[in-house]
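Just data_22.pdb here, PDB, C-alpha atoms and all ligand atoms:
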ATOM      1  CA  MET T 228       0.000   0.000   0.000  1.00  0.00           C
ATOM      2  CA  LEU T 229       1.462   3.352  -1.073  1.00  0.00           C
ATOM      3  CA  LYS T 230       1.992   5.570   1.957  1.00  0.00           C
ATOM      4  CA  LEU T 231       1.266   9.246   1.437  1.00  0.00           C
ATOM      5  CA  GLY T 232       2.359  12.193   3.545  1.00  0.00           C
ATOM      6  CA  ILE T 233       0.436  15.434   3.130  1.00  0.00           C
ATOM      7  CA  LEU T 234       1.697  18.917   3.981  1.00  0.00           C
ATOM      8  CA  GLY T 235      -0.850  21.750   4.104  1.00  0.00           C
ATOM      9  CA  SER T 236      -1.349  25.155   5.633  1.00  0.00           C
ATOM     10  CA  GLY T 237      -5.067  25.704   5.189  1.00  0.00           C
ATOM     11  CA  SER T 238      -8.452  24.123   4.767  1.00  0.00           C
ATOM     12  CA  GLY T 239      -7.319  20.722   3.492  1.00  0.00           C
ATOM     13  CA  SER T 240     -10.042  20.232   0.907  1.00  0.00           C
ATOM     14  CA  ASN T 241      -7.511  18.541  -1.371  1.00  0.00           C
ATOM     15  CA  MET T 242      -6.481  16.230   1.459  1.00  0.00           C
ATOM     16  CA  GLN T 243     -10.164  15.386   1.843  1.00  0.00           C
ATOM     17  CA  ALA T 244     -10.462  14.679  -1.886  1.00  0.00           C
ATOM     18  CA  ILE T 245      -7.459  12.344  -1.715  1.00  0.00           C
ATOM     19  CA  LEU T 246      -9.012  10.557   1.253  1.00  0.00           C
ATOM     20  CA  ASP T 247     -12.377  10.283  -0.540  1.00  0.00           C
ATOM     21  CA  ALA T 248     -10.634   8.803  -3.595  1.00  0.00           C
ATOM     22  CA  ILE T 249      -8.926   6.227  -1.365  1.00  0.00           C
ATOM     23  CA  GLU T 250     -12.180   5.343   0.385  1.00  0.00           C
ATOM     24  CA  GLY T 251     -13.990   5.204  -2.950  1.00  0.00           C
ATOM     25  CA  GLY T 252     -11.442   2.720  -4.320  1.00  0.00           C
ATOM     26  CA  LYS T 253     -10.106   5.133  -6.958  1.00  0.00           C
ATOM     27  CA  LEU T 254      -6.664   5.461  -5.375  1.00  0.00           C
ATOM     28  CA  VAL T 255      -4.817   2.550  -3.796  1.00  0.00           C
ATOM     29  CA  ALA T 256      -2.922   4.292  -1.014  1.00  0.00           C
ATOM     30  CA  GLU T 257      -3.165   5.386   2.577  1.00  0.00           C
ATOM     31  CA  ILE T 258      -2.529   8.745   4.172  1.00  0.00           C
ATOM     32  CA  SER T 259       0.075   7.959   6.815  1.00  0.00           C
ATOM     33  CA  LEU T 260       0.766  11.460   8.104  1.00  0.00           C
ATOM     34  CA  VAL T 261      -0.585  15.005   7.746  1.00  0.00           C
ATOM     35  CA  LEU T 262       1.646  17.891   8.797  1.00  0.00           C
ATOM     36  CA  SER T 263       0.868  21.601   8.919  1.00  0.00           C
ATOM     37  CA  ASP T 264       2.845  24.725   9.712  1.00  0.00           C
ATOM     38  CA  HIS T 265      -0.270  26.227  11.349  1.00  0.00           C
ATOM     39  CA  THR T 266      -1.488  24.850  14.678  1.00  0.00           C
ATOM     40  CA  ASP T 267      -5.105  25.785  13.981  1.00  0.00           C
ATOM     41  CA  ALA T 268      -5.279  24.786  10.284  1.00  0.00           C
ATOM     42  CA  LEU T 269      -8.490  23.030   9.302  1.00  0.00           C
ATOM     43  CA  ILE T 270      -6.422  20.363   7.529  1.00  0.00           C
ATOM     44  CA  LEU T 271      -5.274  19.135  10.984  1.00  0.00           C
ATOM     45  CA  GLU T 272      -8.843  19.032  12.217  1.00  0.00           C
ATOM     46  CA  ARG T 273      -9.854  17.019   9.164  1.00  0.00           C
ATOM     47  CA  ALA T 274      -6.970  14.592   9.815  1.00  0.00           C
ATOM     48  CA  ARG T 275      -7.987  14.135  13.447  1.00  0.00           C
ATOM     49  CA  ARG T 276     -11.627  13.572  12.456  1.00  0.00           C
ATOM     50  CA  ASN T 277     -10.482  10.802  10.124  1.00  0.00           C
ATOM     51  CA  ASN T 278      -8.053   9.254  12.629  1.00  0.00           C
ATOM     52  CA  ILE T 279      -5.051  10.117  10.486  1.00  0.00           C
ATOM     53  CA  PRO T 280      -1.825  10.801  12.423  1.00  0.00           C
ATOM     54  CA  SER T 281      -1.018  14.502  12.235  1.00  0.00           C
ATOM     55  CA  GLY T 282       1.297  17.103  13.672  1.00  0.00           C
ATOM     56  CA  VAL T 283       2.578  20.645  13.535  1.00  0.00           C
ATOM     57  CA  ILE T 284       5.793  21.742  11.821  1.00  0.00           C
ATOM     58  CA  ASP T 285       7.660  24.265  13.961  1.00  0.00           C
ATOM     59  CA  CYS T 286       9.065  26.939  11.624  1.00  0.00           C
ATOM     60  CA  ALA T 287      10.756  28.831  14.471  1.00  0.00           C
ATOM     61  CA  GLY T 288       8.590  31.916  14.121  1.00  0.00           C
ATOM     62  CA  TYR T 289       9.400  32.513  10.429  1.00  0.00           C
ATOM     63  CA  GLN T 290       6.313  33.654   8.503  1.00  0.00           C
ATOM     64  CA  THR T 291       7.184  32.319   5.049  1.00  0.00           C
ATOM     65  CA  ARG T 292      10.571  30.552   5.257  1.00  0.00           C
ATOM     66  CA  PHE T 293      10.821  26.810   5.692  1.00  0.00           C
ATOM     67  CA  PRO T 294      14.007  26.665   7.785  1.00  0.00           C
ATOM     68  CA  GLU T 295      16.497  23.858   7.157  1.00  0.00           C
ATOM     69  CA  GLU T 296      16.046  22.436  10.658  1.00  0.00           C
ATOM     70  CA  ALA T 297      12.271  22.336  10.164  1.00  0.00           C
ATOM     71  CA  GLN T 298      12.724  20.562   6.815  1.00  0.00           C
ATOM     72  CA  LYS T 299      15.023  17.973   8.416  1.00  0.00           C
ATOM     73  CA  GLU T 300      12.525  17.358  11.189  1.00  0.00           C
ATOM     74  CA  THR T 301       9.690  17.106   8.639  1.00  0.00           C
ATOM     75  CA  ALA T 302      11.693  14.561   6.618  1.00  0.00           C
ATOM     76  CA  ARG T 303      12.450  12.581   9.775  1.00  0.00           C
ATOM     77  CA  ARG T 304       8.771  12.409  10.704  1.00  0.00           C
ATOM     78  CA  LEU T 305       7.686  11.504   7.179  1.00  0.00           C
ATOM     79  CA  LYS T 306      10.280   8.728   7.013  1.00  0.00           C
ATOM     80  CA  ALA T 307       9.340   7.461  10.485  1.00  0.00           C
ATOM     81  CA  ALA T 308       5.740   7.173   9.242  1.00  0.00           C
ATOM     82  CA  GLY T 309       6.962   5.188   6.214  1.00  0.00           C
ATOM     83  CA  VAL T 310       5.880   7.879   3.739  1.00  0.00           C
ATOM     84  CA  GLU T 311       6.864   7.153   0.132  1.00  0.00           C
ATOM     85  CA  LEU T 312       5.178  10.065  -1.659  1.00  0.00           C
ATOM     86  CA  VAL T 313       4.733  13.585  -0.281  1.00  0.00           C
ATOM     87  CA  CYS T 314       1.777  15.655  -1.491  1.00  0.00           C
ATOM     88  CA  LEU T 315       1.772  19.396  -0.919  1.00  0.00           C
ATOM     89  CA  ALA T 316      -1.838  20.523  -0.617  1.00  0.00           C
ATOM     90  CA  GLY T 317      -2.010  24.244  -0.027  1.00  0.00           C
ATOM     91  CA  PHE T 318       1.366  24.282   1.741  1.00  0.00           C
ATOM     92  CA  MET T 319       2.458  27.912   1.736  1.00  0.00           C
ATOM     93  CA  ARG T 320       6.223  27.553   2.133  1.00  0.00           C
ATOM     94  CA  LEU T 321       8.842  26.818  -0.507  1.00  0.00           C
ATOM     95  CA  VAL T 322      10.272  23.332  -0.112  1.00  0.00           C
ATOM     96  CA  LYS T 323      13.973  23.214  -0.898  1.00  0.00           C
ATOM     97  CA  THR T 324      16.938  21.154   0.260  1.00  0.00           C
ATOM     98  CA  PRO T 325      17.229  19.043   2.350  1.00  0.00           C
ATOM     99  CA  LEU T 326      13.619  17.841   1.947  1.00  0.00           C
ATOM    100  CA  LEU T 327      13.858  17.721  -1.866  1.00  0.00           C
ATOM    101  CA  GLU T 328      16.995  15.574  -1.708  1.00  0.00           C
ATOM    102  CA  ILE T 329      15.495  13.177   0.810  1.00  0.00           C
ATOM    103  CA  PHE T 330      12.403  12.586  -1.388  1.00  0.00           C
ATOM    104  CA  PRO T 331      13.721  12.832  -4.973  1.00  0.00           C
ATOM    105  CA  ASN T 332      10.882  12.770  -7.552  1.00  0.00           C
ATOM    106  CA  ARG T 333       8.573  12.076  -4.666  1.00  0.00           C
ATOM    107  CA  ILE T 334       7.129  15.470  -3.816  1.00  0.00           C
ATOM    108  CA  LEU T 335       4.053  16.668  -5.728  1.00  0.00           C
ATOM    109  CA  ASN T 336       2.213  19.982  -5.596  1.00  0.00           C
ATOM    110  CA  ILE T 337      -1.146  21.223  -6.826  1.00  0.00           C
ATOM    111  CA  HIS T 338      -1.298  24.787  -8.113  1.00  0.00           C
ATOM    112  CA  PRO T 339      -4.469  26.697  -9.049  1.00  0.00           C
ATOM    113  CA  SER T 340      -3.505  27.782 -12.581  1.00  0.00           C
ATOM    114  CA  LEU T 341      -2.382  26.318 -15.867  1.00  0.00           C
ATOM    115  CA  LEU T 342       1.344  26.598 -15.176  1.00  0.00           C
ATOM    116  CA  PRO T 343       3.566  28.214 -16.342  1.00  0.00           C
ATOM    117  CA  ALA T 344       0.836  30.899 -16.246  1.00  0.00           C
ATOM    118  CA  TYR T 345       0.287  32.637 -12.916  1.00  0.00           C
ATOM    119  CA  PRO T 346       2.768  31.041 -10.511  1.00  0.00           C
ATOM    120  CA  GLY T 347       2.851  32.215  -6.901  1.00  0.00           C
ATOM    121  CA  MET T 348       0.104  33.502  -4.656  1.00  0.00           C
ATOM    122  CA  ALA T 349      -3.656  33.728  -5.385  1.00  0.00           C
ATOM    123  CA  ALA T 350      -3.330  32.541  -8.983  1.00  0.00           C
ATOM    124  CA  TRP T 351      -7.109  32.804  -9.493  1.00  0.00           C
ATOM    125  CA  GLU T 352      -6.922  36.554  -8.699  1.00  0.00           C
ATOM    126  CA  GLN T 353      -4.049  36.916 -11.157  1.00  0.00           C
ATOM    127  CA  ALA T 354      -6.166  35.221 -13.853  1.00  0.00           C
ATOM    128  CA  ILE T 355      -9.149  37.537 -13.243  1.00  0.00           C
ATOM    129  CA  ALA T 356      -6.929  40.650 -13.164  1.00  0.00           C
ATOM    130  CA  ASP T 357      -5.349  39.536 -16.437  1.00  0.00           C
ATOM    131  CA  GLY T 358      -8.730  39.061 -18.141  1.00  0.00           C
ATOM    132  CA  ALA T 359      -7.887  35.405 -18.887  1.00  0.00           C
ATOM    133  CA  SER T 360     -10.576  33.428 -20.737  1.00  0.00           C
ATOM    134  CA  GLU T 361      -9.298  30.135 -19.397  1.00  0.00           C
ATOM    135  CA  SER T 362      -7.542  28.906 -16.272  1.00  0.00           C
ATOM    136  CA  GLY T 363      -7.350  25.649 -14.335  1.00  0.00           C
ATOM    137  CA  CYS T 364      -5.012  23.688 -12.136  1.00  0.00           C
ATOM    138  CA  THR T 365      -1.727  21.851 -12.422  1.00  0.00           C
ATOM    139  CA  VAL T 366      -0.118  18.973 -10.570  1.00  0.00           C
ATOM    140  CA  HIS T 367       3.648  19.089 -10.841  1.00  0.00           C
ATOM    141  CA  LEU T 368       6.782  17.618  -9.355  1.00  0.00           C
ATOM    142  CA  VAL T 369       8.354  20.002  -6.891  1.00  0.00           C
ATOM    143  CA  ASP T 370      11.772  21.404  -7.623  1.00  0.00           C
ATOM    144  CA  ALA T 371      13.652  24.232  -5.910  1.00  0.00           C
ATOM    145  CA  GLY T 372      11.761  26.975  -7.781  1.00  0.00           C
ATOM    146  CA  MET T 373       8.339  28.462  -7.158  1.00  0.00           C
ATOM    147  CA  ASP T 374       5.769  26.347  -9.059  1.00  0.00           C
ATOM    148  CA  THR T 375       8.377  25.431 -11.690  1.00  0.00           C
ATOM    149  CA  GLY T 376       8.782  21.621 -11.548  1.00  0.00           C
ATOM    150  CA  PRO T 377       7.813  19.246 -14.387  1.00  0.00           C
ATOM    151  CA  VAL T 378       4.061  19.211 -15.075  1.00  0.00           C
ATOM    152  CA  LEU T 379       2.349  15.841 -14.518  1.00  0.00           C
ATOM    153  CA  GLY T 380      -1.227  16.852 -15.345  1.00  0.00           C
ATOM    154  CA  GLN T 381      -3.603  19.760 -15.818  1.00  0.00           C
ATOM    155  CA  ALA T 382      -7.352  20.416 -15.841  1.00  0.00           C
ATOM    156  CA  ARG T 383      -8.928  23.433 -17.559  1.00  0.00           C
ATOM    157  CA  VAL T 384     -11.820  25.684 -16.625  1.00  0.00           C
ATOM    158  CA  THR T 385     -13.466  28.429 -18.654  1.00  0.00           C
ATOM    159  CA  VAL T 386     -13.488  31.910 -17.147  1.00  0.00           C
ATOM    160  CA  THR T 387     -16.853  33.532 -17.855  1.00  0.00           C
ATOM    161  CA  ALA T 388     -17.676  37.261 -17.909  1.00  0.00           C
ATOM    162  CA  ASP T 389     -19.527  37.016 -14.591  1.00  0.00           C
ATOM    163  CA  ASP T 390     -16.719  35.200 -12.767  1.00  0.00           C
ATOM    164  CA  SER T 391     -15.229  36.830  -9.673  1.00  0.00           C
ATOM    165  CA  ALA T 392     -11.951  35.717  -8.132  1.00  0.00           C
ATOM    166  CA  THR T 393     -13.998  33.716  -5.611  1.00  0.00           C
ATOM    167  CA  SER T 394     -16.183  31.937  -8.173  1.00  0.00           C
ATOM    168  CA  LEU T 395     -13.147  31.145 -10.327  1.00  0.00           C
ATOM    169  CA  HIS T 396     -11.325  29.688  -7.320  1.00  0.00           C
ATOM    170  CA  GLN T 397     -14.364  27.493  -6.611  1.00  0.00           C
ATOM    171  CA  LYS T 398     -14.421  26.202 -10.188  1.00  0.00           C
ATOM    172  CA  ILE T 399     -10.690  25.507 -10.036  1.00  0.00           C
ATOM    173  CA  GLN T 400     -10.961  23.712  -6.700  1.00  0.00           C
ATOM    174  CA  TYR T 401     -13.685  21.453  -8.098  1.00  0.00           C
ATOM    175  CA  GLU T 402     -11.219  20.360 -10.791  1.00  0.00           C
ATOM    176  CA  GLU T 403      -8.342  20.092  -8.291  1.00  0.00           C
ATOM    177  CA  HIS T 404     -10.274  17.550  -6.278  1.00  0.00           C
ATOM    178  CA  ARG T 405     -10.599  15.295  -9.324  1.00  0.00           C
ATOM    179  CA  LEU T 406      -7.139  15.885 -10.770  1.00  0.00           C
ATOM    180  CA  TYR T 407      -4.924  15.439  -7.707  1.00  0.00           C
ATOM    181  CA  PRO T 408      -5.951  11.885  -6.710  1.00  0.00           C
ATOM    182  CA  ALA T 409      -5.773  10.790 -10.369  1.00  0.00           C
ATOM    183  CA  ILE T 410      -2.256  12.155 -10.833  1.00  0.00           C
ATOM    184  CA  ILE T 411      -1.084  10.675  -7.515  1.00  0.00           C
ATOM    185  CA  ALA T 412      -2.242   7.269  -8.763  1.00  0.00           C
ATOM    186  CA  GLN T 413      -0.525   7.823 -12.114  1.00  0.00           C
ATOM    187  CA  HIS T 414       2.739   8.959 -10.507  1.00  0.00           C
ATOM    188  CA  ALA T 415       2.729   5.999  -8.112  1.00  0.00           C
ATOM    189  CA  GLU T 416       2.485   3.686 -11.121  1.00  0.00           C
ATOM    190  CA  THR T 417       5.347   5.485 -12.830  1.00  0.00           C
ATOM    191  CA  LEU T 418       7.578   5.128  -9.761  1.00  0.00           C
ATOM    192  CA  ALA T 419       6.686   1.443  -9.442  1.00  0.00           C
ATOM    193  CA  ARG T 420       7.434   0.846 -13.127  1.00  0.00           C
ATOM    194  CA  LEU T 421      10.809   2.551 -12.826  1.00  0.00           C
ATOM    195  CA  GLY T 422      11.504   0.477  -9.726  1.00  0.00           C
ATOM    196  CA  GLU T 423      12.219   3.605  -7.716  1.00  0.00           C
TER     197      GLU T 423
HETATM  198  C1  LIG J 501      -5.550  25.022  -3.544  1.00  0.00           C
HETATM  199  O1  LIG J 501      -6.269  25.898  -4.349  1.00  0.00           O
HETATM  200  C2  LIG J 501      -4.206  24.712  -4.134  1.00  0.00           C
HETATM  201  O2  LIG J 501      -4.189  24.765  -5.512  1.00  0.00           O
HETATM  202  C3  LIG J 501      -3.331  25.792  -3.570  1.00  0.00           C
HETATM  203  O3  LIG J 501      -3.815  26.020  -2.273  1.00  0.00           O
HETATM  204  C4  LIG J 501      -5.199  25.640  -2.203  1.00  0.00           C
HETATM  205  C5  LIG J 501      -5.324  24.662  -1.064  1.00  0.00           C
HETATM  206  O4  LIG J 501      -6.647  24.379  -0.758  1.00  0.00           O
HETATM  207  N1  LIG J 501      -1.943  25.413  -3.640  1.00  0.00           N
HETATM  208  P1  LIG J 501      -7.012  23.238   0.285  1.00  0.00           P
HETATM  209  O5  LIG J 501      -6.278  23.554   1.589  1.00  0.00           O
HETATM  210  O6  LIG J 501      -6.639  21.924  -0.273  1.00  0.00           O
HETATM  211  O7  LIG J 501      -8.500  23.382   0.472  1.00  0.00           O
END

Entire entry expressed as structure tokens:
Amino acid sequence: MLKLGILGSGSGSNMQAILDAIEGGKLVAEISLVLSDHTDALILERARRNNIPSGVIDCAGYQTRFPEEAQKETARRLKAAGVELVCLAGFMRLVKTPLLEIFPNRILNIHPSLLPAYPGMAAWEQAIADGASESGCTVHLVDAGMDTGPVLGQARVTVTADDSATSLHQKIQYEEHRLYPAIIAQHAETLARLGE
């Protein structure tokens, strides 16, 4: 059984979608550990409600940095839980070394745009401000850049004239919840095939 670790900072709706896909038999995996950099994040509450082991990442008071010590400790906890694939789900810090080196090709992220368009924060607001007629979401492998790793899959949504940033984000999240579990399953197969 593929063991997943999930890192998130916010509501955890993607974590929920992954769990629903597992329970619905669409993804053969288990969520072994959920970690958040925010003590009161809803993603932790969702984990507790579903009896999934969870914990808080101590980022030593830094608002946006993911300090090296915190990354090492995160890697240690993920490894101790037997995690084979790490899924970032609304995790608001840039993952770099050493975590990237400890899980090579094994850290995925979901981003709410059709990358390379609109990397960074609030991509749905960027799309609206830009007058885009189309947006969507992307699952990609994480590298040391911001939303720059190889793309594994995308889903598109149409931006209509009456869309606000909020309504566009809702449309994108609907697609995220379908795309992420499917790409996790696909990537797990790829890793197994490569014998990694
Ligand atoms: C998603 O829109 C994701 O694309 C972005 O952060 C949001 C997380 O939402 N990276 P949730 O916590 O999974 O509900």

I need the residue set behind the PyMOL selection byres (((chain T and resi 341-343) around 8) and not hetatm) for this file; please write it as an mmCIF file with C-alpha atoms, in the coordinates of the input.
data_model
loop_
_atom_site.group_PDB
_atom_site.id
_atom_site.type_symbol
_atom_site.label_atom_id
_atom_site.label_comp_id
_atom_site.auth_asym_id
_atom_site.auth_seq_id
_atom_site.Cartn_x
_atom_site.Cartn_y
_atom_site.Cartn_z
ATOM 1 C CA HIS T 338 -1.298 24.787 -8.113
ATOM 2 C CA PRO T 339 -4.469 26.697 -9.049
ATOM 3 C CA SER T 340 -3.505 27.782 -12.581
ATOM 4 C CA ALA T 344 0.836 30.899 -16.246
ATOM 5 C CA TYR T 345 0.287 32.637 -12.916
ATOM 6 C CA PRO T 346 2.768 31.041 -10.511
ATOM 7 C CA SER T 362 -7.542 28.906 -16.272
ATOM 8 C CA GLY T 363 -7.350 25.649 -14.335
ATOM 9 C CA CYS T 364 -5.012 23.688 -12.136
ATOM 10 C CA THR T 365 -1.727 21.851 -12.422
ATOM 11 C CA ASP T 374 5.769 26.347 -9.059
ATOM 12 C CA THR T 375 8.377 25.431 -11.690
ATOM 13 C CA VAL T 378 4.061 19.211 -15.075
ATOM 14 C CA GLN T 381 -3.603 19.760 -15.818
ATOM 15 C CA ALA T 382 -7.352 20.416 -15.841
ATOM 16 C CA ARG T 383 -8.928 23.433 -17.559
#

Answer key for the PyMOL selection byres (((chain T and resi 271) around 10) and not hetatm), residues as a PDB file with C-alpha atoms, keeping the file's coordinate frame:
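Result saved to expr19.pdb:
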ATOM      1  CA  LEU T 234       1.697  18.917   3.981  1.00  0.00           C
ATOM      2  CA  GLY T 235      -0.850  21.750   4.104  1.00  0.00           C
ATOM      3  CA  SER T 236      -1.349  25.155   5.633  1.00  0.00           C
ATOM      4  CA  GLY T 237      -5.067  25.704   5.189  1.00  0.00           C
ATOM      5  CA  SER T 238      -8.452  24.123   4.767  1.00  0.00           C
ATOM      6  CA  GLY T 239      -7.319  20.722   3.492  1.00  0.00           C
ATOM      7  CA  VAL T 261      -0.585  15.005   7.746  1.00  0.00           C
ATOM      8  CA  LEU T 262       1.646  17.891   8.797  1.00  0.00           C
ATOM      9  CA  SER T 263       0.868  21.601   8.919  1.00  0.00           C
ATOM     10  CA  ASP T 264       2.845  24.725   9.712  1.00  0.00           C
ATOM     11  CA  HIS T 265      -0.270  26.227  11.349  1.00  0.00           C
ATOM     12  CA  THR T 266      -1.488  24.850  14.678  1.00  0.00           C
ATOM     13  CA  ASP T 267      -5.105  25.785  13.981  1.00  0.00           C
ATOM     14  CA  ALA T 268      -5.279  24.786  10.284  1.00  0.00           C
ATOM     15  CA  LEU T 269      -8.490  23.030   9.302  1.00  0.00           C
ATOM     16  CA  ILE T 270      -6.422  20.363   7.529  1.00  0.00           C
ATOM     17  CA  GLU T 272      -8.843  19.032  12.217  1.00  0.00           C
ATOM     18  CA  ARG T 273      -9.854  17.019   9.164  1.00  0.00           C
ATOM     19  CA  ALA T 274      -6.970  14.592   9.815  1.00  0.00           C
ATOM     20  CA  ARG T 275      -7.987  14.135  13.447  1.00  0.00           C
ATOM     21  CA  ARG T 276     -11.627  13.572  12.456  1.00  0.00           C
ATOM     22  CA  ASN T 277     -10.482  10.802  10.124  1.00  0.00           C
ATOM     23  CA  ILE T 279      -5.051  10.117  10.486  1.00  0.00           C
ATOM     24  CA  PRO T 280      -1.825  10.801  12.423  1.00  0.00           C
ATOM     25  CA  SER T 281      -1.018  14.502  12.235  1.00  0.00           C
ATOM     26  CA  GLY T 282       1.297  17.103  13.672  1.00  0.00           C
ATOM     27  CA  VAL T 283       2.578  20.645  13.535  1.00  0.00           C
TER      28      VAL T 283
END

Around all the atoms of ligand LIG 501 (chain J) listed in the file, draw an axis-aligned box and extend it by 6 Å on each of the six sides; I want its centre and edge lengths in Å to one decimal, as lines of an AutoDock Vina configuration file.
center_x = -5.2
center_y = 24.0
center_z = -2.0
size_x = 18.6
size_y = 16.1
size_z = 19.1

*asked:* Under the rule that all atoms listed in the file are counted, which of T:Glu300, T:Leu315, T:Leu327, T:Ala287 is the nearest residue to Gly372 (chain T)?
replied: T:Leu327

*Report the distance between CA of Tyr289 (chain T) and CA of Leu335 (chain T) in Å, rounded to one decimal place.*
23.3 Å

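The spacing separating CA of Lys323 (chain T) from CA of Glu402 (chain T) amounts to 27.2 Å.
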
*Taking the file as shown, what set of residues would the PyMOL selection byres (((chain T and resi 328) around 12) and not hetatm) give back, as a PyMOL selection string?*
chain T and resi 298-299+302+322-327+329-334+369-371

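Between CA of Ser259 (chain T) and CA of Leu418 (chain T) the separation is 18.4 Å.
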
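Excluding His404 (chain T) itself and any same-chain residue fewer than 6 positions from it, the protein and nucleic acid residues within 9 Å of it, counting all atoms listed in the file, are Ser240, Asn241, Met242, Gln243, Ala244 and Ile245 of chain T.
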
_Shell around Val386 (chain T) at 7 Å using all atoms listed in the file, local window under 5 positions removed, as a list in words_ = Ala359, Ser360, Glu361, Ser362 and Leu395 of chain T

Mind writing the picked residues with C-alpha atoms as a PDB file, keeping the file's coordinate frame?
ATOM      1  CA  ALA T 359      -7.887  35.405 -18.887  1.00  0.00           C
ATOM      2  CA  SER T 360     -10.576  33.428 -20.737  1.00  0.00           C
ATOM      3  CA  GLU T 361      -9.298  30.135 -19.397  1.00  0.00           C
ATOM      4  CA  SER T 362      -7.542  28.906 -16.272  1.00  0.00           C
ATOM      5  CA  LEU T 395     -13.147  31.145 -10.327  1.00  0.00           C
TER       6      LEU T 395
END

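Using only C-alpha atoms, the smallest distance between any of T:Gly358, T:Gly317, T:Pro408, T:Gly422 and Ile258 (chain T) comes from T:Pro408.
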
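Compared by their closest atoms to ligand LIG 501 (chain J), and using all atoms listed in the file, the residues T:Glu257, T:Glu311, T:Glu416, T:Glu403 rank with T:Glu403 nearest.
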
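Considering all atoms listed in the file, the residue among T:Asn336, T:Thr385, T:Asn278, T:Thr301 positioned nearest to ligand LIG 501 (chain J) is T:Asn336.
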
_Show me, as a ChimeraX atom specification, the residues that have an atom within 9 Å of Thr393 (chain T) when counting all atoms listed in the file, minus same-chain residues fewer than 4 positions from it._
/T:351-352,397-398

_Restricting the calculation to all atoms listed in the file: of T:Ile233, T:Ile249, T:Ile284, T:Glu295, which residue gets closest to ligand LIG 501 (chain J)?_
T:Ile233
